[in-house]
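Trainee: This is query.cif (mmCIF, C-alpha atoms).
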data_start
#
loop_
_atom_site.label_atom_id
_atom_site.label_comp_id
_atom_site.auth_asym_id
_atom_site.auth_seq_id
_atom_site.Cartn_x
_atom_site.Cartn_y
_atom_site.Cartn_z
CA MET A 14 30.52 -69.16 13.46
CA VAL A 15 33.48 -71.08 14.84
CA ARG A 16 33.96 -73.83 17.35
CA ILE A 17 36.83 -73.99 19.82
CA GLU A 18 38.46 -77.40 19.99
CA PRO A 19 41.66 -78.94 21.35
CA LEU A 20 44.43 -79.23 18.78
CA GLY A 21 45.20 -82.81 19.80
CA ASP A 22 48.04 -85.10 18.84
CA ASP A 23 46.19 -86.28 15.74
CA ALA A 24 46.01 -82.84 14.09
CA THR A 25 46.13 -83.08 10.33
CA SER A 26 48.90 -81.57 8.24
CA GLU A 27 46.26 -79.19 6.84
CA THR A 28 45.41 -77.96 10.35
CA LEU A 29 49.08 -77.49 11.23
CA ALA A 30 49.64 -75.64 7.95
CA GLY A 31 46.72 -73.33 8.81
CA ILE A 32 48.27 -72.58 12.19
CA GLU A 33 51.64 -71.84 10.61
CA ARG A 34 50.05 -69.60 7.97
CA ILE A 35 48.30 -67.56 10.65
CA PHE A 36 51.45 -67.50 12.80
CA PHE A 37 53.56 -65.87 10.09
CA ALA A 38 50.79 -63.59 8.79
CA SER A 39 50.13 -62.29 12.33
CA SER A 40 53.74 -61.86 13.36
CA ARG A 41 55.17 -58.40 13.84
CA ARG A 42 58.27 -59.74 12.14
CA GLN A 43 57.66 -60.19 8.44
CA SER A 44 61.13 -60.50 6.91
CA PHE A 45 64.01 -62.87 7.54
CA ALA A 46 67.57 -62.84 6.24
CA SER A 47 67.46 -66.57 5.51
CA GLU A 48 65.28 -69.64 5.69
CA ALA A 49 67.33 -70.75 8.72
CA GLU A 50 66.47 -67.50 10.53
CA ARG A 51 62.78 -67.93 9.64
CA SER A 52 62.86 -71.52 10.94
CA ALA A 53 64.53 -70.45 14.19
CA PHE A 54 61.86 -67.78 14.71
CA ARG A 55 59.11 -70.35 14.12
CA GLU A 56 60.75 -72.79 16.53
CA GLN A 57 61.12 -70.19 19.29
CA TRP A 58 57.53 -68.91 19.25
CA LEU A 59 55.51 -71.82 17.82
CA GLY A 60 57.47 -75.02 17.16
CA ARG A 61 58.52 -75.86 20.71
CA TYR A 62 54.89 -75.56 21.82
CA LEU A 63 53.69 -77.86 19.05
CA LEU A 64 56.35 -80.37 20.07
CA HIS A 65 56.06 -80.22 23.89
CA ASP A 66 52.72 -78.60 24.72
CA ARG A 67 50.23 -79.66 22.09
CA GLN A 68 47.90 -80.84 24.86
CA HIS A 69 47.55 -77.16 25.86
CA ALA A 70 46.67 -75.90 22.36
CA PHE A 71 43.25 -74.93 21.04
CA ILE A 72 42.02 -73.96 17.61
CA ALA A 73 39.07 -71.97 16.37
CA ARG A 74 37.67 -73.87 13.41
CA ALA A 75 35.26 -72.22 10.98
CA GLU A 76 32.20 -74.05 9.69
CA ASP A 77 33.99 -74.78 6.42
CA GLY A 78 36.83 -76.48 8.35
CA THR A 79 39.44 -73.77 7.93
CA ILE A 80 41.42 -72.55 10.92
CA ALA A 81 40.27 -69.09 12.02
CA GLY A 82 42.82 -68.87 14.83
CA TYR A 83 44.75 -70.73 17.46
CA LEU A 84 46.06 -70.48 20.99
CA ILE A 85 49.08 -72.45 22.03
CA GLY A 86 50.55 -72.33 25.49
CA SER A 87 52.21 -74.10 28.34
CA VAL A 88 51.46 -74.57 32.02
CA ASP A 89 55.18 -74.89 32.83
CA ASP A 90 56.95 -71.91 34.39
CA PRO A 91 59.21 -70.67 31.58
CA ALA A 92 61.73 -69.20 34.03
CA VAL A 93 62.61 -72.70 35.26
CA ALA A 94 61.63 -75.05 32.41
CA PRO A 95 64.83 -75.91 30.49
CA ARG A 96 63.20 -75.66 27.06
CA PHE A 97 62.69 -71.89 27.52
CA THR A 98 66.23 -70.89 28.55
CA ASP A 99 66.81 -69.26 25.16
CA VAL A 100 64.16 -66.62 26.00
CA GLY A 101 66.35 -64.65 28.36
CA PHE A 102 63.78 -62.23 29.70
CA PHE A 103 62.00 -65.02 31.57
CA ALA A 104 64.87 -65.21 34.09
CA GLU A 105 64.34 -61.53 34.90
CA LEU A 106 60.63 -62.16 35.41
CA ALA A 107 60.98 -65.31 37.55
CA ASP A 108 59.29 -63.74 40.58
CA LEU A 109 56.20 -63.14 38.43
CA THR A 110 56.29 -66.37 36.41
CA GLU A 111 56.27 -68.33 39.65
CA ARG A 112 52.87 -66.79 40.44
CA PHE A 113 51.70 -66.84 36.79
CA PRO A 114 53.48 -69.87 35.27
CA ALA A 115 51.07 -70.70 32.46
CA HIS A 116 51.59 -68.66 29.32
CA LEU A 117 50.13 -68.46 25.86
CA HIS A 118 50.46 -67.24 22.30
CA ILE A 119 47.32 -66.47 20.37
CA ASN A 120 46.78 -65.45 16.77
CA LEU A 121 43.72 -65.06 14.58
CA ASP A 122 43.40 -64.81 10.85
CA ALA A 123 42.76 -61.15 10.04
CA ALA A 124 39.32 -61.97 8.60
CA TRP A 125 38.21 -63.41 11.95
CA ARG A 126 39.36 -60.69 14.35
CA SER A 127 37.04 -58.53 16.48
CA ARG A 128 34.38 -61.25 16.76
CA GLY A 129 35.10 -62.46 20.29
CA ILE A 130 36.96 -65.56 19.11
CA GLY A 131 40.22 -64.56 20.79
CA ALA A 132 38.45 -64.08 24.10
CA GLN A 133 36.87 -67.54 23.71
CA LEU A 134 40.28 -69.09 23.08
CA VAL A 135 41.81 -67.31 26.10
CA GLY A 136 38.88 -68.35 28.30
CA THR A 137 39.19 -71.98 27.19
CA PHE A 138 42.91 -72.00 27.92
CA ALA A 139 42.42 -70.30 31.31
CA GLU A 140 39.90 -72.96 32.35
CA HIS A 141 42.22 -75.70 31.09
CA ALA A 142 45.28 -74.31 32.93
CA ALA A 143 43.28 -73.77 36.14
CA ALA A 144 42.01 -77.37 36.00
CA LEU A 145 45.64 -78.49 35.81
CA GLY A 146 46.47 -76.47 38.94
CA ALA A 147 48.17 -73.42 37.43
CA PRO A 148 47.65 -70.48 39.82
CA GLY A 149 47.92 -67.90 37.04
CA VAL A 150 48.62 -67.26 33.39
CA HIS A 151 50.73 -64.55 31.79
CA ILE A 152 51.61 -63.00 28.48
CA VAL A 153 54.55 -60.82 27.50
CA THR A 154 53.92 -58.21 24.83
CA GLY A 155 55.37 -54.92 23.75
CA ALA A 156 54.80 -52.06 26.17
CA GLY A 157 52.23 -49.82 24.50
CA ALA A 158 51.21 -52.59 22.08
CA ARG A 159 47.65 -52.44 20.82
CA ASN A 160 46.96 -56.02 21.96
CA ALA A 161 47.39 -55.02 25.64
CA ARG A 162 43.79 -53.73 25.62
CA PHE A 163 42.60 -57.12 24.38
CA TYR A 164 44.41 -58.88 27.20
CA GLU A 165 42.99 -56.46 29.77
CA ARG A 166 39.48 -57.28 28.51
CA CYS A 167 40.40 -60.97 29.00
CA GLY A 168 41.25 -60.37 32.67
CA PHE A 169 44.99 -59.73 32.48
CA ALA A 170 46.55 -56.90 34.48
CA PRO A 171 49.79 -55.11 33.58
CA LEU A 172 52.33 -56.04 36.26
CA ARG A 173 55.76 -54.96 35.05
CA GLU A 174 57.52 -53.21 32.21
CA LEU A 175 60.96 -54.46 31.29
CA ASP A 176 63.59 -53.04 28.95
CA TRP A 177 64.97 -55.97 27.00
CA HIS A 178 67.74 -55.25 24.52
CA GLY A 179 66.26 -51.86 23.72
CA SER A 180 62.65 -53.03 23.48
CA ALA A 181 60.09 -52.17 26.14
CA LEU A 182 58.19 -55.31 27.14
CA LEU A 183 55.07 -55.61 29.26
CA PHE A 184 54.33 -58.60 31.53
CA MET A 185 50.60 -59.08 32.12
CA GLY A 186 49.13 -61.67 34.49
CA ARG A 187 45.73 -63.19 35.20
CA ASP A 188 44.98 -64.95 38.45
CA LEU A 189 43.30 -68.29 37.76
CA ALA A 190 42.19 -68.94 41.33
CA SER A 191 39.39 -66.42 40.90
CA GLY A 192 38.51 -67.48 37.36
#
Please, can you express the file's structure as structure tokens?
Mentor:
Amino acid sequence: MVRIEPLGDDATSETLAGIERIFFASSRRQSFASEAERSAFREQWLGRYLLHDRQHAFIARAEDGTIAGYLIGSVDDPAVAPRFTDVGFFAELADLTERFPAHLHINLDAAWRSRGIGAQLVGTFAEHAAALGAPGVHIVTGAGARNARFYERCGFAPLRELDWHGSALLFMGRDLASG
């Protein structure tokens, strides 16, 4: 059993370490040429959200207090928010991010997957983003990635495939006006 709770500004170093552990364990990328490269990867996909968007983050906490998973996101349109300019594909998706500005990253510890926790985290974030006035939420994943089925079960629809530097990406959106 887990409970979904906001991360909050007063998150302990133990909670943040649990998030980082899950982040790296769940990442498709497992090797880095240097510590600087590893740090840059963390900053791009986790750090900036912890710094600027912690109020939009939720954790799944197990009964023993450990972190089973997390969802961190933003309600700002990444195609126009200056802090996302280093993620170049957002500019090519600006027509879609305008309609689906909120976006998220979610990861679960492997031991906690396939229990409905991810869907709870996504549902919590969707309600949160809708309450803040976001018309929609999106994710970008690999085209053909296994997680696309998870997002479809959470109400996301595939809207566009994009070739980005030789990788096929998939933009999926969920309208928040209809829940």
Trainee: Can you tell me how far CA of Thr98 (chain A) sits from CA of Glu165 (chain A), in Å to one decimal?
Mentor: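 It comes out at 27.4 Å.
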Trainee: Please identify all polymer residues within 6 Å of region 143-159 of chain A, counting all atoms listed in the file, omitting same-chain residues fewer than 5 positions from it, and present them as a list in words.
Mentor: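 My list of contacting residues is Phe113, Pro114, Ala115, His116, Ala181, Leu182, Leu183, Phe184, Met185, Gly186, Arg187, Asp188, Leu189 and Ala190 of chain A.
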Trainee: Decode the PyMOL selection byres ((chain A and resi 101-110) around 7) for the given file into explicit residues and return them as a CSV table (one decimal) with C-alpha atoms, in the coordinates of the input.
Mentor:
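Result went into result35.csv, see below:
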chain,number,residue,atom,x,y,z
A,90,ASP,CA,57.0,-71.9,34.4
A,91,PRO,CA,59.2,-70.7,31.6
A,92,ALA,CA,61.7,-69.2,34.0
A,98,THR,CA,66.2,-70.9,28.6
A,99,ASP,CA,66.8,-69.3,25.2
A,100,VAL,CA,64.2,-66.6,26.0
A,111,GLU,CA,56.3,-68.3,39.6
A,112,ARG,CA,52.9,-66.8,40.4
A,113,PHE,CA,51.7,-66.8,36.8
A,114,PRO,CA,53.5,-69.9,35.3
A,177,TRP,CA,65.0,-56.0,27.0
Trainee: So that I can check the surroundings of Ala123 (chain A), please list as a ChimeraX atom specification every protein, DNA and RNA residue that reaches within 10 Å of it, counting all atoms listed in the file and ignoring chain neighbours fewer than 5 positions away.
Mentor: /A:35,38-39,81-82
Trainee: Got a sec: who's within 10 Å of Gln133 (chain A), counting all atoms listed in the file, leaving out chain neighbours fewer than 5 positions off, as a VMD selection string?
Mentor: chain A and resid 16 to 17 73 128 138 to 139 167
Trainee: Name the residues that the PyMOL selection byres ((chain A and resi 33) around 12) pulls out of this structure, and write them as a PyMOL selection string.
Mentor: chain A and resi 26-32+34-40+51-52+54-56+58-60+63+80-85+119-122
Trainee: Figure out the distance between CA of Asn160 (chain A) and CA of Arg126 (chain A), please, to one decimal in Å.
Mentor: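 That distance, rounded to one decimal, is 11.7 Å.
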Trainee: To one decimal in Å, tell me the separation between CA of Trp125 (chain A) and CA of Arg61 (chain A).
Mentor: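 For CA of Trp125 (chain A) relative to CA of Arg61 (chain A), the distance reads 25.4 Å.
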Trainee: I'd like to know which of A:Val93, A:Ala53, A:Ala70, A:Ala161 is closest to Gly21 (chain A), using only C-alpha atoms.
Mentor: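 Under the stated criterion, the closest residue is A:Ala70.
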